[in-house]
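J.: This one is upload.txt, compact mmCIF, C-alpha atoms.
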```
# COMPACT_ATOMS: atom_id res chain seq x y z
CA MET A 1014 49.59 32.18 -94.35
CA GLU A 1015 51.74 29.79 -96.33
CA TRP A 1016 50.45 26.21 -96.34
CA LYS A 1017 52.95 23.58 -95.27
CA VAL A 1018 52.82 19.97 -94.07
CA HIS A 1019 52.46 20.98 -90.40
CA SER A 1020 50.67 24.23 -89.56
CA TYR A 1021 48.73 25.94 -86.81
CA ARG A 1022 47.01 29.25 -86.21
CA VAL A 1023 45.85 30.14 -82.70
CA GLY A 1024 44.98 33.71 -81.85
CA SER A 1025 47.73 36.00 -83.18
CA SER A 1026 50.23 33.13 -83.49
CA SER A 1027 50.65 31.19 -86.71
CA GLU A 1028 53.43 28.80 -87.72
CA ALA A 1029 54.06 26.41 -90.59
CA PHE A 1030 56.73 23.72 -90.94
CA ASP A 1031 57.85 21.36 -93.67
CA SER A 1032 59.13 18.88 -91.10
CA ILE A 1033 59.20 18.24 -87.36
CA PRO A 1034 62.48 17.57 -85.47
CA ALA A 1035 63.19 13.86 -85.26
CA GLY A 1036 65.58 13.76 -82.30
CA ALA A 1037 64.07 13.28 -78.85
CA ASP A 1038 65.66 16.39 -77.30
CA GLU A 1039 64.90 18.59 -80.30
CA LEU A 1040 61.33 17.30 -80.42
CA ASP A 1041 60.82 18.02 -76.71
CA GLN A 1042 62.07 21.57 -77.19
CA PHE A 1043 59.80 22.01 -80.22
CA VAL A 1044 56.74 20.76 -78.33
CA SER A 1045 57.52 22.86 -75.26
CA MET A 1046 57.95 26.01 -77.35
CA HIS A 1047 54.68 25.64 -79.23
CA ARG A 1048 52.67 24.25 -76.34
CA ARG A 1049 53.09 27.63 -74.62
CA LYS A 1050 51.17 29.20 -77.51
CA ILE A 1051 48.61 26.49 -78.27
CA GLU A 1052 47.47 25.12 -74.89
CA PRO A 1053 46.55 28.46 -73.23
CA TRP A 1054 44.63 29.53 -76.35
CA LEU A 1055 42.67 26.26 -76.47
CA SER A 1056 42.03 26.49 -72.70
CA ALA A 1057 40.49 29.93 -73.20
CA VAL A 1058 38.46 28.84 -76.24
CA PHE A 1059 37.10 25.79 -74.41
CA GLN A 1060 35.63 28.06 -71.74
CA ALA A 1061 33.25 29.62 -74.25
CA GLU A 1062 29.62 29.93 -73.27
CA HIS A 1063 28.57 27.26 -75.78
CA LEU A 1064 31.12 24.53 -76.59
CA ASN A 1065 30.49 21.95 -79.33
CA LEU A 1066 32.66 19.11 -80.59
CA LEU A 1067 32.21 17.71 -84.12
CA LEU A 1068 33.89 14.36 -84.74
CA GLY A 1069 34.24 12.67 -88.13
CA SER A 1070 35.54 9.33 -89.36
CA GLY A 1071 39.14 10.43 -88.73
CA PHE A 1072 38.44 10.17 -85.00
CA THR A 1073 37.64 6.45 -85.26
CA THR A 1074 40.64 5.96 -87.53
CA ALA A 1075 42.96 7.59 -84.97
CA VAL A 1076 41.71 5.45 -82.08
CA ALA A 1077 41.77 2.28 -84.18
CA PHE A 1078 45.34 3.04 -85.26
CA SER A 1079 46.38 3.44 -81.64
CA ALA A 1080 44.72 0.12 -80.80
CA GLY A 1081 46.47 -1.58 -83.72
CA VAL A 1082 43.32 -2.46 -85.70
CA ASP A 1083 41.91 -1.47 -89.07
CA ALA A 1084 39.19 1.18 -89.20
CA THR A 1085 36.06 0.97 -91.33
CA GLY A 1086 36.52 2.32 -94.82
CA MET A 1087 33.98 4.43 -96.69
CA GLY A 1088 34.56 2.86 -100.11
CA THR A 1089 31.68 1.96 -102.38
CA ALA A 1090 30.22 -1.56 -102.52
CA ALA A 1091 29.94 -3.86 -105.52
CA SER A 1092 26.53 -3.96 -107.22
CA ALA A 1093 24.87 -6.48 -109.55
CA SER A 1094 21.58 -4.82 -110.52
CA PRO A 1095 21.03 -3.53 -114.09
CA HIS A 1096 20.93 0.00 -112.69
CA ALA A 1097 24.30 -0.24 -110.87
CA LYS A 1098 26.18 1.96 -113.35
CA ALA A 1099 23.51 4.66 -113.39
CA ILE A 1100 23.48 4.65 -109.59
CA MET A 1101 27.25 5.10 -109.38
CA ASP A 1102 27.21 7.83 -112.03
CA HIS A 1103 24.61 9.74 -110.03
CA ALA A 1104 26.54 9.16 -106.79
CA THR A 1105 29.71 10.56 -108.39
CA ILE A 1106 27.90 13.68 -109.61
CA SER A 1107 26.31 14.13 -106.18
CA ALA A 1108 29.67 13.83 -104.41
CA LYS A 1109 31.25 16.43 -106.70
CA LYS A 1110 28.38 18.87 -106.11
CA MET A 1111 28.95 18.57 -102.37
CA GLY A 1112 32.69 19.14 -102.76
CA ARG A 1113 33.48 15.65 -101.52
CA GLY A 1114 35.39 14.56 -104.62
CA GLU A 1115 35.04 10.83 -105.23
CA ALA A 1116 31.82 9.10 -104.21
CA ASN A 1117 31.76 7.01 -101.04
CA ILE A 1118 29.28 4.47 -99.74
CA GLU A 1119 26.99 7.19 -98.37
CA ASP A 1120 26.65 8.73 -101.85
CA GLN A 1121 26.07 5.30 -103.35
CA LEU A 1122 23.31 4.50 -100.85
CA ARG A 1123 21.63 7.86 -101.36
CA SER A 1124 21.45 7.32 -105.10
CA ALA A 1125 20.41 3.68 -104.80
CA ILE A 1126 17.58 4.51 -102.42
CA ALA A 1127 16.36 7.26 -104.76
CA VAL A 1128 16.27 4.70 -107.60
CA LEU A 1129 14.56 2.15 -105.35
CA ASP A 1130 11.82 4.60 -104.43
CA GLY A 1131 11.03 5.14 -108.10
CA LEU A 1132 11.22 1.47 -109.06
CA ASP A 1133 8.86 0.52 -106.24
CA ILE A 1134 6.23 2.50 -108.17
CA ILE A 1135 6.92 1.48 -111.78
CA ASP A 1136 8.87 -1.82 -111.84
CA ALA A 1137 8.65 -4.24 -108.89
CA THR A 1138 11.03 -6.76 -110.49
CA ALA A 1139 13.82 -4.23 -111.04
CA ALA A 1140 13.19 -2.84 -107.55
CA LYS A 1141 13.86 -6.29 -106.08
CA ALA A 1142 17.34 -6.40 -107.64
CA VAL A 1143 18.24 -2.88 -106.42
CA ARG A 1144 16.90 -3.70 -102.94
CA ALA A 1145 19.14 -6.79 -102.83
CA ASP A 1146 22.16 -4.66 -103.73
CA ILE A 1147 21.36 -2.11 -101.01
CA ASN A 1148 20.84 -4.81 -98.40
CA LYS A 1149 24.15 -6.42 -99.31
CA ALA A 1150 25.99 -3.08 -99.19
CA ILE A 1151 24.56 -2.15 -95.81
CA GLU A 1152 25.26 -5.62 -94.42
CA ILE A 1153 28.92 -5.41 -95.45
CA PHE A 1154 29.17 -1.90 -94.04
CA LEU A 1155 27.51 -2.99 -90.77
CA TYR A 1156 29.87 -5.95 -90.39
CA SER A 1157 32.84 -3.68 -91.08
CA LEU A 1158 31.72 -1.22 -88.39
CA LEU A 1159 31.24 -4.04 -85.89
CA ALA A 1160 34.64 -5.51 -86.81
CA THR A 1161 36.29 -2.17 -86.02
CA GLU A 1162 34.47 -1.99 -82.69
CA ARG A 1163 35.35 -5.61 -81.95
CA GLY A 1164 39.01 -5.03 -82.75
CA ILE A 1165 39.18 -2.02 -80.43
CA ALA A 1166 37.32 -3.88 -77.66
CA GLN A 1167 39.52 -6.97 -77.91
CA SER A 1168 42.84 -5.18 -78.36
CA ASP A 1169 43.21 -4.58 -74.60
CA SER A 1170 45.15 -1.46 -75.54
CA VAL A 1171 45.38 0.55 -72.35
CA PRO A 1172 47.01 3.54 -74.14
CA ALA A 1173 44.19 3.66 -76.72
CA SER A 1174 41.49 3.52 -74.04
CA ALA A 1175 43.25 6.12 -71.88
CA MET A 1176 43.79 8.36 -74.92
CA LEU A 1177 40.09 8.14 -75.84
CA GLN A 1178 38.99 9.03 -72.32
CA SER A 1179 41.49 11.87 -71.96
CA PHE A 1180 40.45 13.36 -75.28
CA LEU A 1181 36.76 13.41 -74.36
CA LEU A 1182 37.43 14.68 -70.83
CA SER A 1183 39.51 17.57 -72.16
CA PHE A 1184 36.28 18.94 -73.65
CA ALA A 1185 33.74 17.65 -71.13
CA SER A 1186 35.56 18.93 -68.04
CA ARG A 1187 33.66 22.20 -67.81
CA ALA A 1188 32.32 23.78 -64.66
CA ALA A 1189 28.82 22.41 -64.05
CA SER A 1190 27.43 25.94 -64.02
CA ARG A 1191 28.35 26.31 -67.72
CA GLU A 1192 26.29 24.87 -70.54
CA ARG A 1193 27.07 21.23 -71.27
CA LEU A 1194 29.47 20.19 -73.98
CA HIS A 1195 27.49 19.06 -77.04
CA ILE A 1196 29.17 16.29 -79.07
CA PHE A 1197 28.11 15.86 -82.70
CA THR A 1198 29.36 13.08 -84.94
CA THR A 1199 28.87 11.83 -88.48
CA ASN A 1200 30.12 8.37 -87.43
CA TYR A 1201 27.90 5.30 -87.24
CA ASP A 1202 30.00 3.31 -84.75
CA ARG A 1203 29.62 3.57 -80.95
CA LEU A 1204 33.20 4.53 -80.10
CA ILE A 1205 32.20 7.84 -78.52
CA GLU A 1206 29.57 6.14 -76.38
CA ARG A 1207 32.16 3.57 -75.32
CA GLY A 1208 34.64 6.31 -74.40
CA CYS A 1209 32.01 8.19 -72.38
CA ASP A 1210 31.09 4.99 -70.52
CA ASP A 1211 34.73 4.27 -69.70
CA ALA A 1212 35.31 7.86 -68.56
CA GLY A 1213 32.14 7.95 -66.44
CA LEU A 1214 30.46 10.64 -68.54
CA ARG A 1215 26.67 10.70 -68.63
CA ILE A 1216 25.09 11.19 -72.06
CA ILE A 1217 21.91 13.12 -72.79
CA ASP A 1218 20.44 12.54 -76.24
CA ARG A 1219 17.02 12.32 -77.88
CA PHE A 1220 16.42 8.70 -76.81
CA VAL A 1221 14.20 8.09 -73.78
CA GLY A 1222 13.53 4.75 -72.11
CA SER A 1223 15.31 1.89 -70.35
CA LEU A 1224 14.14 -1.36 -71.95
CA GLN A 1225 13.84 0.03 -75.47
CA PRO A 1226 14.90 3.69 -75.80
CA TRP A 1227 12.74 5.55 -78.32
CA PHE A 1228 13.74 8.58 -80.36
CA ARG A 1229 11.70 11.57 -79.17
CA ASN A 1230 10.84 14.70 -81.14
CA THR A 1231 10.40 16.76 -77.98
CA ARG A 1232 13.46 18.79 -77.13
CA ILE A 1233 13.12 19.10 -73.38
CA GLU A 1234 16.28 20.46 -71.80
CA LEU A 1235 16.88 17.48 -69.54
CA ASP A 1236 19.88 17.56 -67.20
CA TYR A 1237 21.36 15.91 -64.11
CA HIS A 1238 21.18 17.54 -60.66
CA TYR A 1239 21.91 16.46 -57.11
CA ASN A 1240 21.08 17.77 -53.65
CA PRO A 1241 24.13 18.52 -51.48
CA PRO A 1242 23.88 17.23 -47.90
CA GLY A 1243 22.20 19.69 -45.55
CA ILE A 1244 20.93 21.97 -48.32
CA ARG A 1245 17.29 22.06 -49.31
CA GLY A 1246 15.80 23.55 -52.41
CA GLU A 1247 19.16 24.28 -54.05
CA PRO A 1248 19.98 21.38 -56.38
CA ARG A 1249 23.34 21.58 -58.13
CA PHE A 1250 24.37 20.45 -61.59
CA MET A 1251 26.43 17.26 -61.75
CA GLU A 1252 29.81 17.28 -63.40
CA GLY A 1253 30.65 14.94 -66.26
CA VAL A 1254 27.47 15.34 -68.33
CA VAL A 1255 27.46 15.80 -72.13
CA ARG A 1256 24.84 16.16 -74.83
CA PHE A 1257 25.22 13.88 -77.82
CA THR A 1258 23.86 13.86 -81.38
CA LYS A 1259 24.68 11.38 -84.18
CA LEU A 1260 23.93 13.42 -87.29
CA HIS A 1261 23.86 10.50 -89.75
CA GLY A 1262 22.34 7.85 -87.50
CA SER A 1263 23.91 4.82 -85.88
CA LEU A 1264 24.36 1.11 -86.54
CA ASP A 1265 22.08 0.29 -83.58
CA TRP A 1266 19.19 2.57 -84.62
CA ARG A 1267 16.16 0.69 -85.94
CA PHE A 1268 13.00 1.87 -87.65
CA GLU A 1269 9.85 0.20 -86.34
CA ALA A 1270 7.47 0.29 -89.33
CA SER A 1271 4.33 -0.68 -87.38
CA MET A 1272 4.70 2.27 -84.99
CA ARG A 1273 6.55 4.60 -87.40
CA ARG A 1274 9.15 5.22 -84.70
CA ILE A 1275 12.88 4.81 -84.18
CA TYR A 1276 14.41 2.92 -81.27
CA ARG A 1277 17.91 1.92 -80.18
CA ALA A 1278 18.53 -1.81 -80.42
CA GLU A 1279 20.44 -3.81 -77.81
CA THR A 1280 23.48 -4.41 -79.99
CA PRO A 1281 26.62 -4.86 -77.85
CA PHE A 1282 29.79 -2.94 -78.71
CA GLY A 1283 31.63 -5.07 -81.27
CA ALA A 1284 28.83 -7.64 -81.51
CA ALA A 1285 29.35 -10.76 -83.63
CA ASP A 1286 28.01 -10.76 -87.18
CA ASP A 1287 25.32 -13.30 -86.24
CA HIS A 1288 24.00 -11.33 -83.27
CA PRO A 1289 20.17 -11.56 -83.15
CA SER A 1290 19.77 -7.77 -82.98
CA LEU A 1291 21.10 -7.43 -86.56
CA PRO A 1292 18.20 -7.41 -89.07
CA ASP A 1293 17.81 -9.58 -92.17
CA SER A 1294 16.68 -6.63 -94.32
CA PRO A 1295 18.68 -3.59 -93.12
CA VAL A 1296 17.47 -1.29 -95.90
CA ASP A 1297 14.04 -1.11 -94.26
CA THR A 1298 15.12 -0.91 -90.63
CA VAL A 1299 18.70 0.25 -90.02
CA MET A 1300 19.14 4.03 -89.76
CA ILE A 1301 22.81 4.41 -90.68
CA TYR A 1302 22.73 6.63 -93.74
CA PRO A 1303 21.39 10.05 -94.75
CA ASN A 1304 18.18 8.86 -96.38
CA PRO A 1305 16.88 11.39 -98.90
CA ALA A 1306 17.72 11.70 -102.56
CA LYS A 1307 18.44 15.43 -102.34
CA ASP A 1308 21.98 16.44 -103.28
CA VAL A 1309 22.68 18.85 -100.44
CA GLU A 1310 19.74 18.57 -98.05
CA THR A 1311 19.00 16.18 -95.23
CA THR A 1312 15.26 16.54 -94.90
CA GLN A 1313 13.66 13.27 -93.87
CA TYR A 1314 12.89 11.94 -90.41
CA PRO A 1315 14.87 11.80 -88.13
CA TYR A 1316 17.67 13.74 -89.82
CA ALA A 1317 15.77 17.03 -89.94
CA GLU A 1318 15.45 16.98 -86.14
CA LEU A 1319 19.12 16.12 -85.70
CA PHE A 1320 20.30 18.94 -87.94
CA ARG A 1321 17.99 21.40 -86.21
CA ASP A 1322 19.77 20.44 -83.00
CA PHE A 1323 23.12 21.06 -84.71
CA ALA A 1324 22.11 24.47 -86.05
CA SER A 1325 20.48 25.63 -82.81
CA ALA A 1326 23.50 24.54 -80.73
CA THR A 1327 26.08 26.26 -82.93
CA CYS A 1328 24.51 29.30 -84.59
CA ARG A 1329 24.36 31.64 -81.61
CA PRO A 1330 26.61 34.20 -79.89
CA ASN A 1331 29.70 33.08 -77.97
CA SER A 1332 29.60 29.64 -79.57
CA VAL A 1333 32.65 27.48 -80.32
CA VAL A 1334 32.82 24.41 -82.54
CA VAL A 1335 35.91 22.18 -82.47
CA THR A 1336 36.22 19.67 -85.31
CA TYR A 1337 38.44 16.60 -85.29
CA GLY A 1338 38.62 13.99 -88.04
CA TYR A 1339 35.96 15.79 -90.08
CA GLY A 1340 36.94 16.18 -93.73
CA PHE A 1341 34.54 19.00 -94.70
CA GLY A 1342 32.98 16.81 -97.38
CA ASP A 1343 29.36 17.26 -96.24
CA ASP A 1344 27.87 20.40 -97.70
CA HIS A 1345 24.90 20.44 -95.32
CA ILE A 1346 27.27 20.52 -92.33
CA ASN A 1347 29.63 23.06 -93.90
CA ARG A 1348 26.73 25.39 -94.55
CA VAL A 1349 25.73 25.36 -90.87
CA LEU A 1350 29.33 26.09 -89.84
CA LEU A 1351 29.51 29.03 -92.24
CA ASP A 1352 26.19 30.33 -90.91
CA MET A 1353 27.62 30.06 -87.39
CA LEU A 1354 30.62 32.17 -88.39
CA SER A 1355 28.29 34.95 -89.52
CA VAL A 1356 27.92 35.63 -85.78
CA PRO A 1357 30.97 37.79 -84.88
CA SER A 1358 31.52 36.20 -81.47
CA ALA A 1359 31.47 32.60 -82.81
CA HIS A 1360 34.71 30.67 -83.29
CA LEU A 1361 35.74 27.50 -85.11
CA VAL A 1362 38.73 25.29 -84.25
CA ILE A 1363 39.78 22.80 -86.92
CA ILE A 1364 42.07 19.93 -85.93
CA ALA A 1365 43.02 17.93 -89.02
CA PHE A 1366 45.54 15.25 -89.85
CA ASP A 1367 45.98 16.73 -93.30
CA LEU A 1368 45.26 20.11 -94.88
CA ASP A 1369 43.68 18.82 -98.09
CA ASP A 1370 41.84 20.84 -100.71
CA ARG A 1371 38.47 20.50 -99.00
CA VAL A 1372 39.76 22.02 -95.78
CA LYS A 1373 41.60 24.77 -97.64
CA ASN A 1374 38.51 25.58 -99.71
CA PHE A 1375 36.43 25.87 -96.55
CA LEU A 1376 39.04 28.08 -94.86
CA GLY A 1377 38.99 30.30 -97.93
CA GLN A 1378 35.34 31.12 -97.18
CA THR A 1379 35.99 32.22 -93.58
CA ARG A 1380 37.49 35.16 -91.72
CA PRO A 1381 40.89 34.24 -90.23
CA ALA A 1382 40.10 35.92 -86.91
CA GLN A 1383 37.23 33.50 -86.32
CA VAL A 1384 39.05 30.28 -87.20
CA SER A 1385 41.91 28.52 -85.43
CA PHE A 1386 43.44 25.33 -86.75
CA LEU A 1387 46.04 22.67 -86.00
CA ALA A 1388 46.95 20.57 -89.00
CA GLY A 1389 49.47 17.95 -90.03
CA ARG A 1390 50.60 14.60 -88.72
CA HIS A 1391 52.22 16.19 -85.69
CA PHE A 1392 49.54 18.64 -84.53
CA GLY A 1393 46.68 16.40 -85.72
CA SER A 1394 47.90 13.26 -83.97
CA LEU A 1395 45.35 12.27 -81.34
CA GLN A 1396 48.04 10.99 -78.97
CA ARG A 1397 50.12 14.15 -79.40
CA LEU A 1398 47.08 16.33 -78.75
CA VAL A 1399 46.21 14.48 -75.57
CA ASP A 1400 49.79 14.42 -74.30
CA ASP A 1401 50.88 17.94 -75.15
CA TYR A 1402 48.43 20.42 -76.63
CA LEU A 1403 44.91 19.93 -75.25
CA PRO A 1404 43.98 21.42 -71.86
CA LYS A 1405 44.38 19.15 -68.88
CA PRO A 1406 41.34 16.81 -68.74
CA ALA A 1407 40.13 17.72 -65.26
CA LEU A 1408 38.33 20.39 -63.33
CA ASP A 1409 41.63 21.41 -61.89
CA TYR A 1410 40.75 23.31 -58.73
CA ILE A 1411 43.87 22.02 -56.97
CA THR A 1412 46.30 23.56 -59.48
CA GLY A 1413 44.40 26.86 -59.31
CA ARG A 1414 44.55 26.93 -55.54
CA MET A 1415 48.25 26.02 -55.59
CA SER A 1416 48.92 28.95 -57.96
CA GLU A 1417 47.10 31.32 -55.61
CA LEU A 1418 49.06 30.00 -52.62
CA LEU A 1419 52.39 30.41 -54.40
CA LYS A 1420 51.42 33.92 -55.45
CA ASN A 1421 50.55 34.85 -51.86
CA ARG A 1422 53.71 33.23 -50.50
CA ALA A 1423 55.95 35.21 -52.84
CA TYR A 1424 56.20 37.91 -50.19
CA ALA A 1425 56.30 35.66 -47.13
CA GLU A 1426 59.04 33.43 -48.55
CA ALA A 1427 61.27 36.03 -50.18
CA PRO A 1428 64.94 34.88 -50.18
CA THR A 1429 67.27 36.35 -47.54
CA ASP A 1430 70.89 37.41 -48.01
CA ASN A 1431 72.19 34.03 -46.85
CA GLY A 1432 70.06 32.10 -49.30
CA GLY A 1433 67.42 31.02 -46.77
CA THR A 1434 63.85 32.25 -46.37
CA GLN A 1435 62.46 34.91 -44.09
```
Is it possible to express this structure as structure tokens?
T.:
Amino acid sequence: MEWKVHSYRVGSSSEAFDSIPAGADELDQFVSMHRRKIEPWLSAVFQAEHLNLLLGSGFTTAVAFSAGVDATGMGTAASASPHAKAIMDHATISAKKMGRGEANIEDQLRSAIAVLDGLDIIDATAAKAVRADINKAIEIFLYSLLATERGIAQSDSVPASAMLQSFLLSFASRAASRERLHIFTTNYDRLIERGCDDAGLRIIDRFVGSLQPWFRNTRIELDYHYNPPGIRGEPRFMEGVVRFTKLHGSLDWRFEASMRRIYRAETPFGAADDHPSLPDSPVDTVMIYPNPAKDVETTQYPYAELFRDFASATCRPNSVVVTYGYGFGDDHINRVLLDMLSVPSAHLVIIAFDLDDRVKNFLGQTRPAQVSFLAGRHFGSLQRLVDDYLPKPALDYITGRMSELLKNRAYAEAPTDNGGTQ
């Protein structure tokens, strides 16, 4: 299809527009016309046997924009070590190999850590300078993430909070007998966790424990059940439960060197920069970046376990992945998505604020029948999606029953000749 500023493809319907009507009446007619094509298709797709949601940094940006605060940027940090230029050159080459374009702070940290590992062996003095640069970069990045969280928490923006909850519930509101929604994210902030807490969704992840949750390698299929009154031996699945995986780590993950384990620190949402849970040397403890020096692989602990979860959840029959705010700049994630689409019954839904070259290049490697997308400032707007295009965020038994009643009453309440009812 022809690429334009605003585009969508759902099922057999595809449309592209250079502009969206500006007048209120014209806009309402436009939304109503296209909602009839988009919402039923998404409702059907969301009822797939295996539903997964992949959220990127654009998700945080959208919520922050609605709350009127600035979102964390992914720009590179200033460096002072003698190896700063070589590190940035390597980061730029690495970013281009992965199809990302310009290097961001993740690429910079990958390259810097690779240099640090080598210098720790051959030159302790030079290693000290590189370590100081990495610590400073991670500290600035941490403070920026916390500032975004703090801004959202302190904004008291009811629309932003309601929008966040409605968005998550649109995906999580599946019948309890179906497999749980699995949310994956490349973000380091805790916005998704905050939204799940506000919406009353229970999260199942790899962390186990109350006082200090530890990251566990065991992949036991834990779930939530309850016993209905008067029924014995027939526990039922609870509604409002999701599985959750942070593919690149989180700002509150810490590495405990003495036990060689990872735990989740008690860092409040939007904590102050001087909060005691924030470490003095984050390069050795904070797990907020893909660690290895490989260009396209994420192989070290715990990222190997997290990506195995991603591959096993998506690469199977009757699986659906919905992406929002993900820019297709991570080759290791793109490769899993392409592997998933090698299964004929799998489907991918891309919701993007902009159809840039990375998205177009990825779409060029797929079969159109297996990929739906909504793109552009109109269709990719989080508020517009929640208000008009996503399925209703509820297990809507009442509407279903009402439809059945109206269908059955069509014969009983047929109009008479005088305009009344029989």
J.: Can you work out the spacing between atom CA of A:Trp1266 and atom CA of A:Met1300 in Å, to one decimal?
T.: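 Atom-to-atom, atom CA of A:Trp1266 and atom CA of A:Met1300 are spaced 5.3 Å apart.
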J.: Distance atom CA of A:Arg1371-atom CA of A:Asp1343, one decimal place?
T.: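 Spanning atom CA of A:Arg1371 to atom CA of A:Asp1343 is a straight-line distance of 10.1 Å.
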J.: Which is closer to A:Ser1183 than all the others in A:Thr1198, A:Thr1298, A:Gln1060, A:Thr1280, using only C-alpha atoms?
T.: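 That would be A:Gln1060, the residue with the smallest distance to A:Ser1183.
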J.: Please, what distance in Å, to one decimal, runs between atom CA of A:Arg1397 and atom CA of A:Phe1180?
T.: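 Separating atom CA of A:Arg1397 from atom CA of A:Phe1180 is a distance of 10.5 Å.
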J.: Closest to A:Ile1051 among A:Ala1093, A:Met1272, A:Val1362, A:Leu1418, using all atoms listed in the file?
T.: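 Result for the nearest residue to A:Ile1051: A:Val1362.
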J.: Give me the residues near A:Asp1133 as a list in words, where near means some atom within 10 Å (using all atoms listed in the file) and where sequence neighbours in that chain fewer than 6 positions away do not count.
T.: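 Within the cut-off, the hits are Ala1139, Ala1140, Lys1141, Val1143 and Arg1144 of chain A.
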